[in-house]
>>> print(open('model-v9.txt').read())   # compact mmCIF, C-alpha atoms
# COMPACT_ATOMS: atom_id res chain seq x y z
CA MET A 1 0.00 0.00 0.00
CA LEU A 2 1.09 3.53 -0.68
CA SER A 3 1.41 6.00 2.08
CA ALA A 4 -0.63 9.21 2.05
CA ALA A 5 2.46 11.13 0.92
CA GLY A 6 3.01 8.67 -1.91
CA LYS A 7 -0.59 9.02 -3.04
CA ARG A 8 -0.31 12.81 -3.10
CA ALA A 9 2.93 12.63 -5.09
CA GLY A 10 1.28 10.30 -7.58
CA GLU A 11 -1.71 12.62 -7.88
CA ARG A 12 0.60 15.59 -8.48
CA SER A 13 2.49 13.80 -11.25
CA LEU A 14 -0.82 12.74 -12.82
CA ARG A 15 -2.03 16.37 -12.75
CA SER A 16 1.18 17.62 -14.33
CA LYS A 17 0.87 15.00 -17.10
CA ARG A 18 -2.69 16.17 -17.76
CA ARG A 19 -1.51 19.79 -17.89
CA ALA A 20 1.27 18.84 -20.32
CA SER A 21 -1.14 16.98 -22.57
CA ALA A 22 -3.59 19.88 -22.30
CA CYS A 23 -0.84 22.28 -23.44
CA VAL A 24 -0.03 20.06 -26.38
CA SER A 25 -3.66 19.80 -27.36
CA LEU A 26 -4.09 23.59 -26.98
CA GLN A 27 -1.08 24.07 -29.27
CA GLU A 28 -2.52 21.56 -31.72
CA LEU A 29 -5.91 23.28 -31.59
CA HIS A 30 -4.27 26.64 -32.21
CA SER A 31 -2.34 25.20 -35.16
CA GLN A 32 -5.48 23.58 -36.61
CA ARG A 33 -7.39 26.86 -36.19
CA GLN A 34 -4.64 28.76 -38.02
CA MET A 35 -4.71 26.25 -40.87
CA ALA A 36 -8.52 26.47 -41.08
CA ASN A 37 -8.30 30.29 -41.08
CA ASN A 38 -5.75 30.17 -43.91
CA ARG A 39 -7.97 27.84 -45.96
CA GLU A 40 -10.99 30.11 -45.40
CA ARG A 41 -8.97 33.21 -46.28
CA HIS A 42 -7.79 31.55 -49.51
CA ARG A 43 -11.34 30.44 -50.37
CA THR A 44 -12.65 33.97 -49.76
CA GLN A 45 -9.90 35.47 -51.93
CA LEU A 46 -10.79 33.09 -54.78
CA LEU A 47 -14.48 33.94 -54.46
CA ASN A 48 -13.78 37.69 -54.41
CA SER A 49 -11.52 37.31 -57.44
CA ALA A 50 -14.28 35.48 -59.33
CA PHE A 51 -16.79 38.23 -58.49
CA HIS A 52 -14.29 40.86 -59.62
CA GLU A 53 -13.93 39.09 -62.99
CA LEU A 54 -17.73 38.76 -63.31
CA ARG A 55 -18.21 42.48 -62.58
CA GLN A 56 -15.77 43.29 -65.39
CA ILE A 57 -17.75 41.19 -67.89
CA ILE A 58 -21.23 42.48 -67.05
CA PRO A 59 -22.05 45.91 -68.48
CA THR A 60 -22.89 48.23 -65.61
CA LEU A 61 -23.88 51.82 -65.19
CA PRO A 62 -21.27 54.20 -63.76
CA SER A 63 -23.41 54.58 -60.64
CA ASP A 64 -23.51 50.83 -59.96
CA LYS A 65 -21.73 49.68 -56.80
CA LEU A 66 -22.86 46.06 -56.76
CA SER A 67 -22.93 43.64 -53.86
CA LYS A 68 -22.35 39.95 -54.54
CA ILE A 69 -26.06 39.13 -54.71
CA GLN A 70 -26.71 42.15 -56.96
CA THR A 71 -23.86 41.01 -59.21
CA LEU A 72 -25.37 37.53 -59.53
CA ARG A 73 -28.82 38.93 -60.25
CA LEU A 74 -27.46 41.33 -62.85
CA ALA A 75 -25.45 38.51 -64.46
CA SER A 76 -28.66 36.49 -64.71
CA ARG A 77 -30.43 39.43 -66.32
CA TYR A 78 -27.51 39.92 -68.73
CA ILE A 79 -27.74 36.27 -69.78
CA GLU A 80 -31.47 36.75 -70.38
CA PHE A 81 -30.73 39.87 -72.43
CA LEU A 82 -28.15 37.99 -74.52
CA TYR A 83 -30.71 35.23 -75.07
CA CYS A 84 -33.12 37.86 -76.40
CA VAL A 85 -30.43 39.29 -78.66
CA LEU A 86 -29.57 35.85 -80.04
CA HIS A 87 -33.15 34.77 -80.62
CA GLY A 88 -34.43 38.16 -81.76
CA SER A 89 -38.03 38.30 -82.91
CA GLY A 90 -38.04 34.71 -84.11
CA ASP A 91 -36.44 35.72 -87.42
CA GLY A 92 -32.94 35.16 -86.09
CA PRO A 93 -30.53 37.21 -84.04
CA LEU A 94 -31.04 40.94 -83.72
CA PRO A 95 -28.45 42.83 -85.75
CA LEU A 96 -26.57 44.35 -82.82
CA PRO A 97 -22.85 45.07 -83.08
CA TYR A 98 -20.76 43.77 -80.20
CA ASP A 99 -19.60 47.25 -79.18
CA ARG A 100 -23.25 48.31 -78.74
CA LEU A 101 -24.17 45.45 -76.38
CA SER A 102 -23.30 47.42 -73.26
CA SER A 103 -25.46 50.43 -74.07
CA ALA A 104 -28.27 48.21 -75.39
CA PHE A 105 -28.18 46.18 -72.16
CA SER A 106 -28.32 49.36 -70.07
CA ALA A 107 -31.37 50.54 -72.01
CA TRP A 108 -33.00 47.09 -71.78
CA ARG A 109 -32.27 46.99 -68.07
CA MET A 110 -33.97 50.36 -67.50
CA GLU A 111 -36.95 49.32 -69.63
CA GLU A 112 -37.24 46.07 -67.69
CA GLU A 113 -37.24 47.95 -64.38
CA GLN A 114 -40.11 50.08 -65.70
CA GLY A 115 -41.96 46.98 -66.89
CA MET A 116 -41.45 47.77 -70.56
CA ALA A 117 -38.96 45.05 -71.59
CA VAL A 118 -40.29 43.07 -74.52
CA CYS A 119 -38.32 39.86 -74.29
CA LYS A 120 -39.98 38.41 -71.16
CA SER A 121 -43.49 38.71 -72.51
CA VAL A 122 -42.77 37.73 -76.13
CA TYR A 123 -40.01 35.14 -75.85
CA PRO A 124 -40.01 32.25 -73.40
CA ALA A 125 -37.04 32.07 -71.07
CA PRO A 126 -34.58 29.24 -71.77
CA GLY A 127 -35.92 25.96 -70.45
CA SER A 128 -39.57 27.15 -70.34
>>> encode(input="model-v9.txt", output="structure tokens")
Amino acid sequence: MLSAAGKRAGERSLRSKRRASACVSLQELHSQRQMANNRERHRTQLLNSAFHELRQIIPTLPSDKLSKIQTLRLASRYIEFLYCVLHGSGDGPLPLPYDRLSSAFSAWRMEEEQGMAVCKSVYPAPGS
């Protein structure tokens, strides 16, 4: 049998081992957290880069300061506009020079906001 002093010494060494393993696990947790933060930072940078590229492709008005959701919605509307341009009035594509797409889209966008856009009511959306 162990004496009372021996038991206390054993308990102390057990506590110090727990503290040491707790320190190691805290260090490991900190390291894992840093790695997760780095992965998330990299993912966010890639996403922001993709939105930046998308904003450069979509014709916008000078006053547009678009959030991510606004950018996605405008991209969807631009795709719809391009669909209308390609399918025209049923007689083939509308004769619209590439350099005029931006201004035509801006005009179409304003007409659509006022409920005057023709394409939605005349031409079915893709997949309809």
>>> closest_residue(input="model-v9.txt", among="A:Thr60, A:Asn48, A:Gln70, A:Gln27", to="A:Ser106", atoms="only C-alpha atoms")
A:Thr60
>>> residues_around(input="model-v9.txt", residues="A:Leu54", least_positions_apart="3", cutoff="9 Å", atoms="all atoms listed in the file", output="count of residues only")
8
>>> atom_distance(input="model-v9.txt", atom1="atom CA of A:His52", atom2="atom CA of A:Tyr78")
16.1 Å
>>> atom_distance(input="model-v9.txt", atom1="atom CA of A:Ser25", atom2="atom CA of A:Asn37")
17.9 Å
>>> atom_distance(input="model-v9.txt", atom1="atom CA of A:Pro59", atom2="atom CA of A:Ser102")
5.2 Å
>>> closest_residue(input="model-v9.txt", among="A:Arg39, A:Ser103, A:Leu47, A:Gln34", to="A:Lys68", atoms="all atoms listed in the file")
A:Leu47
>>> residues_near_point(input="model-v9.txt", point="(-30.6, 48.4, -68.1)", cutoff="12 Å", atoms="all atoms listed in the file", output="PDB file with C-alpha atoms, in the coordinates of the input")
ATOM      1  CA  ILE A  58     -21.230  42.480 -67.050  1.00  0.00           C
ATOM      2  CA  PRO A  59     -22.050  45.910 -68.480  1.00  0.00           C
ATOM      3  CA  THR A  60     -22.890  48.230 -65.610  1.00  0.00           C
ATOM      4  CA  LEU A  61     -23.880  51.820 -65.190  1.00  0.00           C
ATOM      5  CA  PRO A  62     -21.270  54.200 -63.760  1.00  0.00           C
ATOM      6  CA  ASP A  64     -23.510  50.830 -59.960  1.00  0.00           C
ATOM      7  CA  LEU A  74     -27.460  41.330 -62.850  1.00  0.00           C
ATOM      8  CA  ALA A  75     -25.450  38.510 -64.460  1.00  0.00           C
ATOM      9  CA  ARG A  77     -30.430  39.430 -66.320  1.00  0.00           C
ATOM     10  CA  TYR A  78     -27.510  39.920 -68.730  1.00  0.00           C
ATOM     11  CA  GLU A  80     -31.470  36.750 -70.380  1.00  0.00           C
ATOM     12  CA  PHE A  81     -30.730  39.870 -72.430  1.00  0.00           C
ATOM     13  CA  LEU A 101     -24.170  45.450 -76.380  1.00  0.00           C
ATOM     14  CA  SER A 102     -23.300  47.420 -73.260  1.00  0.00           C
ATOM     15  CA  SER A 103     -25.460  50.430 -74.070  1.00  0.00           C
ATOM     16  CA  ALA A 104     -28.270  48.210 -75.390  1.00  0.00           C
ATOM     17  CA  PHE A 105     -28.180  46.180 -72.160  1.00  0.00           C
ATOM     18  CA  SER A 106     -28.320  49.360 -70.070  1.00  0.00           C
ATOM     19  CA  ALA A 107     -31.370  50.540 -72.010  1.00  0.00           C
ATOM     20  CA  TRP A 108     -33.000  47.090 -71.780  1.00  0.00           C
ATOM     21  CA  ARG A 109     -32.270  46.990 -68.070  1.00  0.00           C
ATOM     22  CA  MET A 110     -33.970  50.360 -67.500  1.00  0.00           C
ATOM     23  CA  GLU A 111     -36.950  49.320 -69.630  1.00  0.00           C
ATOM     24  CA  GLU A 112     -37.240  46.070 -67.690  1.00  0.00           C
ATOM     25  CA  GLU A 113     -37.240  47.950 -64.380  1.00  0.00           C
ATOM     26  CA  GLN A 114     -40.110  50.080 -65.700  1.00  0.00           C
ATOM     27  CA  GLY A 115     -41.960  46.980 -66.890  1.00  0.00           C
ATOM     28  CA  MET A 116     -41.450  47.770 -70.560  1.00  0.00           C
ATOM     29  CA  ALA A 117     -38.960  45.050 -71.590  1.00  0.00           C
TER      30      ALA A 117
END
>>> closest_residue(input="model-v9.txt", among="A:Arg43, A:Val85, A:Arg55, A:Leu26", to="A:Ile69", atoms="all atoms listed in the file")
A:Arg55
